[in-house]
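Next comes work22.cif, with mmCIF, C-alpha atoms.
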data_data
#
loop_
_atom_site.label_atom_id
_atom_site.label_comp_id
_atom_site.auth_asym_id
_atom_site.auth_seq_id
_atom_site.Cartn_x
_atom_site.Cartn_y
_atom_site.Cartn_z
CA MET A 6 94.27 14.49 11.31
CA THR A 7 97.31 15.25 13.32
CA ARG A 8 99.49 12.80 15.10
CA GLN A 9 98.52 14.38 18.38
CA SER A 10 94.85 13.81 17.64
CA LEU A 11 95.51 10.18 16.86
CA ILE A 12 97.33 9.78 20.15
CA ARG A 13 94.44 11.36 22.02
CA ILE A 14 91.93 9.12 20.33
CA GLY A 15 94.05 6.11 21.09
CA ALA A 16 94.31 7.06 24.72
CA GLY A 17 90.58 7.57 24.91
CA VAL A 18 89.90 4.19 23.38
CA ALA A 19 92.28 2.56 25.82
CA VAL A 20 90.57 4.13 28.82
CA ALA A 21 87.14 3.22 27.46
CA GLY A 22 88.33 -0.34 26.96
CA LEU A 23 89.53 -0.59 30.52
CA VAL A 24 86.25 0.75 31.76
CA ALA A 25 84.21 -1.63 29.63
CA LEU A 26 86.25 -4.62 30.70
CA THR A 27 85.89 -4.05 34.38
CA ALA A 28 82.34 -2.70 34.18
CA THR A 29 82.54 -1.69 37.82
CA PRO A 30 81.03 1.60 38.86
CA ALA A 31 83.66 3.88 40.25
CA PHE A 32 81.41 5.17 42.95
CA ALA A 33 78.42 3.42 44.35
CA ASP A 34 76.74 6.53 45.56
CA SER A 35 75.38 8.82 42.95
CA THR A 36 76.08 11.96 44.90
CA THR A 37 79.80 11.51 44.65
CA SER A 38 79.59 10.57 41.03
CA THR A 39 77.53 13.61 40.21
CA THR A 40 79.98 15.80 42.02
CA LEU A 41 82.81 14.39 40.02
CA SER A 42 81.00 14.98 36.77
CA THR A 43 80.83 18.68 37.49
CA THR A 44 84.56 19.08 37.81
CA SER A 45 86.70 20.33 35.04
CA SER A 46 88.59 17.09 34.79
CA SER A 47 88.06 15.73 31.35
CA VAL A 48 89.00 12.25 32.42
CA VAL A 49 86.18 11.82 34.92
CA PRO A 50 83.23 10.03 33.30
CA ARG A 51 79.85 11.64 33.63
CA HIS A 52 77.28 10.11 35.87
CA GLY A 53 74.83 7.93 34.08
CA SER A 54 76.96 7.24 31.07
CA ALA A 55 77.86 3.76 30.03
CA SER A 56 81.43 4.24 31.12
CA THR A 57 81.29 5.05 34.80
CA GLY A 58 84.84 3.80 35.06
CA SER A 59 86.82 1.23 36.94
CA GLY A 60 88.35 2.23 40.23
CA ALA A 61 91.90 1.60 39.10
CA ALA A 62 91.60 3.31 35.75
CA LEU A 63 89.80 6.25 37.19
CA LEU A 64 92.31 6.57 40.00
CA ALA A 65 95.13 6.56 37.49
CA ALA A 66 93.41 9.12 35.35
CA ILE A 67 92.73 11.42 38.28
CA GLN A 68 96.30 11.08 39.45
CA ALA A 69 97.64 11.87 35.99
CA LYS A 70 95.43 14.93 35.69
CA ALA A 71 96.40 16.08 39.17
CA ASN A 72 100.06 15.65 38.43
CA ALA A 73 99.72 17.70 35.28
CA ASP A 74 97.82 20.42 37.15
CA ILE A 75 100.44 20.49 39.90
CA GLN A 76 103.34 20.59 37.47
CA ALA A 77 101.77 23.49 35.61
CA ARG A 78 101.49 25.40 38.85
CA LEU A 79 104.99 24.55 40.01
CA THR A 80 106.38 25.78 36.71
CA ALA A 81 104.36 28.98 36.91
CA LEU A 82 105.36 29.64 40.50
CA ARG A 83 109.03 29.13 39.76
CA GLY A 84 108.70 31.53 36.88
CA ALA A 85 107.00 34.05 39.13
CA ILE A 86 109.84 33.85 41.64
CA GLY A 87 112.23 34.62 38.82
CA VAL A 88 110.18 37.61 37.73
CA LEU A 89 109.87 38.90 41.26
CA GLY A 90 113.61 38.59 41.65
CA GLY A 91 113.97 41.21 38.94
CA VAL A 92 111.86 43.78 40.77
CA LYS A 93 114.05 46.52 42.20
CA ASN A 94 113.40 49.10 44.88
CA CYS A 95 110.32 47.29 46.04
CA ASP A 96 109.79 44.68 48.74
CA VAL A 97 108.32 41.62 47.12
CA SER A 98 109.72 39.18 49.67
CA PRO A 99 106.25 38.26 51.00
CA LEU A 100 105.24 37.22 47.50
CA VAL A 101 108.38 35.15 47.06
CA SER A 102 107.74 33.46 50.40
CA THR A 103 104.18 32.66 49.40
CA ALA A 104 105.33 31.18 46.12
CA GLN A 105 108.00 29.09 47.83
CA THR A 106 105.52 27.84 50.40
CA ASP A 107 103.05 26.94 47.67
CA ILE A 108 105.75 25.05 45.81
CA SER A 109 106.54 23.01 48.90
CA MET A 110 102.91 22.30 49.68
CA LEU A 111 102.00 21.43 46.10
CA THR A 112 104.95 19.07 45.92
CA ALA A 113 103.79 17.38 49.10
CA LEU A 114 100.25 17.24 47.74
CA GLN A 115 101.49 15.50 44.63
CA GLY A 116 103.01 12.81 46.82
CA THR A 117 99.74 12.46 48.69
CA ILE A 118 97.72 12.08 45.52
CA ASP A 119 100.19 9.61 44.07
CA ALA A 120 99.79 7.52 47.21
CA ASP A 121 96.01 7.62 47.18
CA THR A 122 94.44 4.20 46.70
CA THR A 123 90.93 5.22 45.77
CA ALA A 124 89.64 7.49 43.08
CA GLN A 125 87.37 9.22 45.53
CA LYS A 126 90.24 10.13 47.83
CA ALA A 127 92.42 11.17 44.91
CA HIS A 128 89.66 13.34 43.56
CA ALA A 129 89.13 15.01 46.91
CA ASP A 130 92.85 15.68 47.22
CA ALA A 131 93.07 16.89 43.64
CA GLN A 132 90.38 19.45 44.29
CA THR A 133 92.65 21.11 46.83
CA ILE A 134 95.05 21.95 44.02
CA PHE A 135 92.52 24.60 43.20
CA THR A 136 90.77 25.41 46.45
CA GLN A 137 93.82 25.59 48.71
CA PHE A 138 96.13 27.46 46.39
CA ARG A 139 94.39 29.35 43.58
CA VAL A 140 97.73 29.73 41.91
CA PHE A 141 96.43 30.97 38.58
CA ALA A 142 93.39 32.79 39.85
CA LEU A 143 94.99 34.57 42.77
CA VAL A 144 98.67 34.03 43.52
CA LEU A 145 100.09 34.86 40.11
CA PRO A 146 97.75 37.79 39.43
CA VAL A 147 98.61 39.23 42.84
CA ASP A 148 102.30 38.84 42.06
CA GLN A 149 101.85 40.75 38.83
CA MET A 150 99.61 43.40 40.34
CA VAL A 151 102.08 44.09 43.12
CA ARG A 152 104.80 44.26 40.50
CA ALA A 153 102.67 46.79 38.62
CA THR A 154 102.32 48.78 41.84
CA CYS A 155 106.08 48.79 42.22
CA ALA A 156 106.44 50.12 38.68
CA ILE A 157 103.85 52.81 39.38
CA ASN A 158 105.69 53.96 42.49
CA GLU A 159 108.93 53.98 40.59
CA ALA A 160 107.42 56.16 37.89
CA VAL A 161 105.94 58.51 40.51
CA THR A 162 109.38 58.97 42.03
CA LEU A 163 110.87 59.70 38.64
CA PHE A 164 108.15 62.22 37.83
CA ASP A 165 108.69 63.92 41.18
CA GLY A 166 112.36 64.26 40.37
CA LEU A 167 111.61 65.85 37.02
CA GLY A 168 109.01 68.08 38.63
CA SER A 169 111.49 69.37 41.15
CA LYS A 170 113.94 70.12 38.40
CA TRP A 171 111.49 71.79 36.04
CA SER A 172 109.58 73.75 38.65
CA GLY A 173 112.60 75.99 39.08
CA LEU A 174 112.42 77.23 35.52
CA SER A 175 111.09 80.64 34.66
CA ASN A 176 108.81 79.54 31.87
CA PRO A 177 105.28 79.71 33.29
CA ALA A 178 104.01 77.20 30.77
CA VAL A 179 106.68 74.75 31.86
CA THR A 180 106.08 75.27 35.55
CA THR A 181 102.33 74.93 35.08
CA LEU A 182 102.74 71.73 33.17
CA ALA A 183 105.28 70.48 35.67
CA ALA A 184 102.86 71.06 38.54
CA GLN A 185 100.13 69.31 36.59
CA MET A 186 102.49 66.43 35.82
CA VAL A 187 103.47 65.98 39.46
CA ALA A 188 99.84 66.18 40.57
CA SER A 189 98.87 63.43 38.15
CA ALA A 190 101.80 61.29 39.20
CA ASN A 191 101.07 61.74 42.87
CA ALA A 192 97.41 60.94 42.30
CA SER A 193 98.57 57.71 40.72
CA GLY A 194 100.76 56.95 43.70
CA ALA A 195 97.94 57.71 46.13
CA LEU A 196 95.63 55.31 44.33
CA VAL A 197 97.97 52.37 44.86
CA SER A 198 99.11 53.32 48.34
CA GLY A 199 98.76 50.28 50.56
CA LEU A 200 97.62 48.13 47.68
CA PRO A 201 100.38 45.52 47.94
CA GLY A 202 99.45 44.72 51.53
CA THR A 203 95.79 44.47 50.60
CA LEU A 204 96.52 42.15 47.70
CA GLU A 205 98.86 39.97 49.71
CA GLY A 206 96.18 39.58 52.35
CA ILE A 207 93.70 37.92 50.01
CA THR A 208 93.59 34.20 50.68
CA PRO A 209 92.37 31.40 48.43
CA GLN A 210 89.41 31.07 50.76
CA THR A 211 88.62 34.74 50.32
CA TRP A 212 88.85 34.33 46.59
CA ASP A 213 86.53 31.32 46.66
CA GLY A 214 83.92 33.42 48.41
CA GLN A 215 84.44 36.36 46.08
CA PRO A 216 85.95 35.23 42.78
CA THR A 217 85.84 38.72 41.29
CA ILE A 218 87.66 40.34 44.18
CA LEU A 219 90.72 41.22 42.13
CA LYS A 220 88.77 43.16 39.52
CA GLN A 221 88.42 46.26 41.65
CA TYR A 222 92.14 46.37 42.29
CA ARG A 223 92.94 45.81 38.67
CA SER A 224 90.66 48.71 37.85
CA THR A 225 92.49 50.85 40.38
CA LEU A 226 95.79 49.95 38.78
CA GLN A 227 94.44 50.83 35.37
CA THR A 228 93.29 54.23 36.63
CA ALA A 229 96.69 54.82 38.19
CA ARG A 230 98.28 53.85 34.90
CA GLY A 231 96.08 56.43 33.18
CA ASP A 232 97.25 59.13 35.56
CA LEU A 233 100.85 58.26 34.80
CA GLN A 234 100.11 58.49 31.10
CA SER A 235 98.71 61.97 31.68
CA ALA A 236 101.87 62.90 33.52
CA ARG A 237 103.92 61.45 30.69
CA ASN A 238 102.01 63.54 28.18
CA ASP A 239 102.71 66.64 30.25
CA ALA A 240 106.39 65.72 30.35
CA ARG A 241 106.38 65.34 26.59
CA GLN A 242 104.97 68.84 26.21
CA ILE A 243 107.51 70.23 28.63
CA VAL A 244 110.40 68.70 26.76
CA ALA A 245 109.03 70.05 23.51
CA LEU A 246 108.83 73.52 25.03
CA LEU A 247 112.33 73.27 26.39
CA HIS A 248 113.69 72.11 23.08
CA SER A 249 111.87 74.81 21.18
CA GLY A 250 113.48 77.46 23.34
CA ARG A 251 110.15 79.09 24.13
CA GLY A 252 111.31 79.80 27.59
CA GLN A 253 109.40 82.97 28.36
CA GLY A 254 106.56 82.98 25.90
CA GLN A 255 103.01 82.45 26.96
CA SER A 256 102.81 79.08 25.39
CA SER A 257 99.48 77.41 25.43
CA VAL A 258 99.32 74.42 27.68
CA SER A 259 96.99 71.61 26.92
CA SER A 260 95.35 69.80 29.76
CA SER A 261 95.97 66.13 30.00
CA THR A 262 93.19 63.74 30.74
CA SER A 263 93.79 62.76 34.31
CA SER A 264 91.93 61.71 37.38
CA VAL A 265 93.12 64.90 39.03
CA ALA A 266 92.05 68.43 38.24
CA PRO A 267 94.61 70.71 36.64
CA THR A 268 96.53 72.57 39.25
CA THR A 269 95.98 76.00 37.77
CA SER A 270 93.48 77.63 35.53
CA THR A 271 96.06 78.18 32.82
CA ALA A 272 96.60 74.48 32.65
CA ALA A 273 93.07 74.03 31.45
CA ALA A 274 93.54 76.42 28.56
CA ALA A 275 93.63 75.08 25.05
CA MET N 28 162.63 68.46 43.15
CA SER N 29 163.12 66.54 39.93
CA ALA N 30 161.67 67.59 36.61
CA PRO N 31 159.23 64.68 36.42
CA ALA N 32 157.99 65.45 39.89
CA ARG N 33 157.49 69.09 38.96
CA LEU N 34 155.57 68.07 35.86
CA ALA N 35 153.37 65.76 37.86
CA GLY N 36 152.71 68.47 40.39
CA LEU N 37 151.82 70.93 37.66
CA ALA N 38 149.44 68.47 36.04
CA ALA N 39 147.75 67.77 39.33
CA THR N 40 147.32 71.49 39.96
CA VAL N 41 145.78 72.03 36.53
CA LEU N 42 143.39 69.16 37.06
CA ALA N 43 142.42 70.40 40.48
CA VAL N 44 141.73 73.91 39.22
CA ALA N 45 139.72 72.53 36.35
CA ALA N 46 137.66 70.39 38.67
CA LEU N 47 136.99 73.21 41.11
CA SER N 48 135.94 75.66 38.43
CA GLY N 49 133.61 73.16 36.87
CA CYS N 50 135.20 73.49 33.51
CA GLY N 51 134.45 71.09 30.77
CA GLY N 52 131.92 73.22 29.00
CA GLY N 53 130.52 70.41 26.97
CA SER N 54 133.82 69.13 25.80
CA ALA N 55 133.67 66.16 28.11
CA LYS N 56 130.71 63.88 28.35
CA PRO N 57 129.22 64.12 31.82
CA ALA N 58 129.17 60.98 33.79
CA THR N 59 125.89 59.21 33.66
CA VAL N 60 124.72 56.35 35.77
CA GLN N 61 123.26 53.55 33.80
CA THR N 62 120.34 51.99 35.52
CA PRO N 63 118.51 48.87 34.53
CA ALA N 64 115.27 49.41 32.71
CA GLY N 65 112.51 49.95 35.12
CA GLY N 66 114.74 49.82 38.08
CA GLY N 67 116.02 53.32 38.41
CA SER N 68 115.42 56.02 40.89
CA PRO N 69 115.61 59.75 40.49
CA SER N 70 118.90 59.82 42.28
CA ALA N 71 120.32 57.63 39.57
CA THR N 72 120.16 60.39 37.03
CA SER N 73 123.67 61.66 37.21
CA PRO N 74 123.83 62.34 40.90
CA LEU N 75 127.57 62.59 40.70
CA SER N 76 127.79 65.13 37.96
CA VAL N 77 124.73 67.27 38.53
CA PRO N 78 123.91 69.23 41.61
CA ALA N 79 120.26 68.79 42.38
CA PRO N 80 118.35 71.88 41.34
CA SER N 81 116.77 73.62 44.23
CA PRO N 82 113.10 74.44 43.88
CA THR N 83 113.81 77.66 45.67
CA ALA N 84 116.45 78.71 43.19
CA ALA N 85 115.90 82.28 42.17
CA PRO N 86 114.15 82.33 38.80
CA ALA N 87 115.46 84.42 36.01
CA PRO N 88 113.79 87.77 35.47
CA SER N 89 110.65 87.30 33.49
CA GLY N 90 111.95 89.27 30.58
CA SER N 91 115.25 87.58 30.23
CA ALA N 92 116.05 85.59 27.16
CA PRO N 93 115.97 81.84 27.61
CA SER N 94 118.93 79.66 27.10
CA ALA N 95 118.90 78.15 23.68
CA SER N 96 119.30 74.70 25.07
CA ALA N 97 117.44 74.90 28.30
CA GLY N 98 114.41 76.96 27.47
CA GLY N 99 114.01 78.34 30.96
CA GLY N 100 117.50 79.45 31.54
CA SER N 101 117.22 79.99 35.27
CA VAL N 102 118.83 76.76 36.37
CA PRO N 103 122.57 76.80 36.01
CA GLN N 104 122.88 73.46 34.29
CA THR N 105 124.48 72.66 31.03
CA GLY N 106 124.83 69.75 28.70
CA ALA N 107 123.15 66.54 29.70
CA ALA N 108 121.97 67.99 32.97
CA ALA N 109 120.16 70.91 31.38
CA PRO N 110 116.38 70.87 31.53
CA GLY N 111 115.22 68.79 28.62
CA GLY N 112 118.71 67.41 28.21
CA GLN N 113 120.09 63.94 28.11
CA ASP N 114 119.49 63.28 31.78
CA ASP N 115 115.83 64.12 31.43
CA THR N 116 115.60 61.94 28.37
CA GLN N 117 117.10 59.10 30.34
CA THR N 118 114.61 59.64 33.13
CA LEU N 119 111.74 59.69 30.65
CA ASN N 120 113.03 56.46 29.16
CA GLN N 121 112.96 54.93 32.63
CA ILE N 122 109.40 56.16 33.06
CA ASP N 123 108.44 54.63 29.73
CA SER N 124 110.03 51.39 30.85
CA ALA N 125 108.01 51.51 34.06
CA LEU N 126 104.84 52.11 32.07
CA ASN N 127 105.67 49.13 29.89
CA ASN N 128 106.24 47.04 33.00
CA ILE N 129 102.83 48.06 34.31
CA ASP N 130 101.17 47.04 31.06
CA GLY N 131 103.10 43.78 31.00
CA SER N 132 102.18 42.97 34.59
CA LEU N 133 98.51 43.66 34.07
CA GLY N 134 98.53 41.56 30.91
CA SER N 135 100.26 38.71 32.73
CA ALA N 136 97.75 38.94 35.56
CA ASP N 137 94.91 38.62 33.09
CA SER N 138 96.57 35.68 31.35
CA ALA N 139 97.12 33.86 34.62
CA SER N 140 93.53 34.37 35.70
CA ALA N 141 92.30 32.89 32.45
CA GLN N 142 94.20 29.67 33.17
CA GLU N 143 92.27 28.84 36.32
CA THR N 144 90.04 26.04 35.17
CA ASN N 145 88.22 25.11 38.31
#

Rewrite the structure of this file - the entire thing - as structure tokens.
Amino acid sequence: MTRQSLIRIGAGVAVAGLVALTATPAFADSTTSTTLSTTSSSVVPRHGSASTGSGAALLAAIQAKANADIQARLTALRGAIGVLGGVKNCDVSPLVSTAQTDISMLTALQGTIDADTTAQKAHADAQTIFTQFRVFALVLPVDQMVRATCAINEAVTLFDGLGSKWSGLSNPAVTTLAAQMVASANASGALVSGLPGTLEGITPQTWDGQPTILKQYRSTLQTARGDLQSARNDARQIVALLHSGRGQGQSSVSSSTSSVAPTTSTAAAA
Amino acid sequence: MSAPARLAGLAATVLAVAALSGCGGGSAKPATVQTPAGGGSPSATSPLSVPAPSPTAAPAPSGSAPSASAGGGSVPQTGAAAPGGQDDTQTLNQIDSALNNIDGSLGSADSASAQETN
């Protein structure tokens, strides 16, 4: 048995002892108690058990859990701001503002919960850590998905640059592949066009009503990523052709798996 | 005019002629712009040393032999700027970095979502 396990057991015994000594139900009405028992908080005793908890002990436990939940979110948000600060050529300032606002509001909420004098009030306030912010479920995923969109757009721009350069070559296999590469890249860019604004517009309340709302956008990003991979495969073939010196030969061109159709019939050969 | 001044003038003339004629022929490493991983733009790939190829540039005759290094041979670029050259490799590296960033972001989004406990 680890030291950590012993500490946890000790803490549990201490809380149970406090509860047994006071033997005062935390909440007189069963509705509230039942509601509490359905939360994720491991420190809230279940309704009907022998240890329904003292008001003071329960309040302290709820406050401690809330503080831990808030600190975890503050740490994550600060980290996200740092990550967003490293994003270039892409406006992520709305995301940074959101994170900063959430940090301020969560900090204020921590003060509110610390000042609560009843477990019921503390519990109600603690619930807003989740319902009013959705830091892990919404804010951070949106940050990362917008960051992914930025990376997609960056790659599209880079592919367009290569396409412009390679399309001027006389090798038909190269120009065909280059056109196919650019088409795939642009398809990727089209898929994520406007996505940052859409993602930033999703509120915690929206998420609560539709907890799977981000899945469709994640799927879109994955498809866009696939298109970029197709473009990358085309680029790899082009470079191989250029390095092999087969500038004028009728090289076979394999078709990449992409969400866009090959631009020419020769691209579908092989 | 003094001898040192004449020498300096001669050197400047030689340098100017060399610059105008685009000499270098591979003997000097073309300037490249280092960009941070994932943060580059197409214009960052040697914009100072490489004239942007025009899509309307006249292609080489279809029967002409390709350049050994460039493959296509119709774009007058040499060295790092040649098609398939170092500049392209750098651009592809930036693309690979962007792809890695996409994967990392999607993975981080999934990890964050899994931490929501309520």

Problem - Pick from N:Gly134, N:Gly106, N:Ile122, N:Gln113, whichever lies nearest to chain A using all atoms listed in the file - result: N:Ile122

Problem - Separation of atom CA of Arg78 of chain A from atom CA of Leu63 of chain A in Å - result: 22.5 Å

Exercise for the section: Report the distance between atom CA of Ala65 of chain A and atom CA of Lys126 of chain A in Å, rounded to one decimal place. Expected result: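 We find that atom CA of Ala65 of chain A and atom CA of Lys126 of chain A lie 12.0 Å from each other.
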
Contacts of Ala69 of chain A at 9 Å or less, counting all atoms listed in the file, minus same-chain residues fewer than 5 places along, as a compact mmCIF listing (two decimals) with C-alpha atoms, in the coordinates of the input?
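The resulting file, part25.txt, is reproduced below:
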# COMPACT_ATOMS: atom_id res chain seq x y z
CA LEU A 64 92.31 6.57 40.00
CA ASP A 74 97.82 20.42 37.15
CA ASP A 119 100.19 9.61 44.07

Handout entry: Closest of A:Gln115, A:Ser98, A:Gln227, A:Ser109 to chain N - atom-to-atom distances counting only C-alpha atoms
Key =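 Closest to chain N, using only C-alpha atoms: A:Gln227.
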
Handout entry: Interatomic distance, atom CA of Gln76 of chain A to atom CA of Thr154 of chain A (Å, one decimal)
Key =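 We find that atom CA of Gln76 of chain A and atom CA of Thr154 of chain A lie 28.5 Å from each other.
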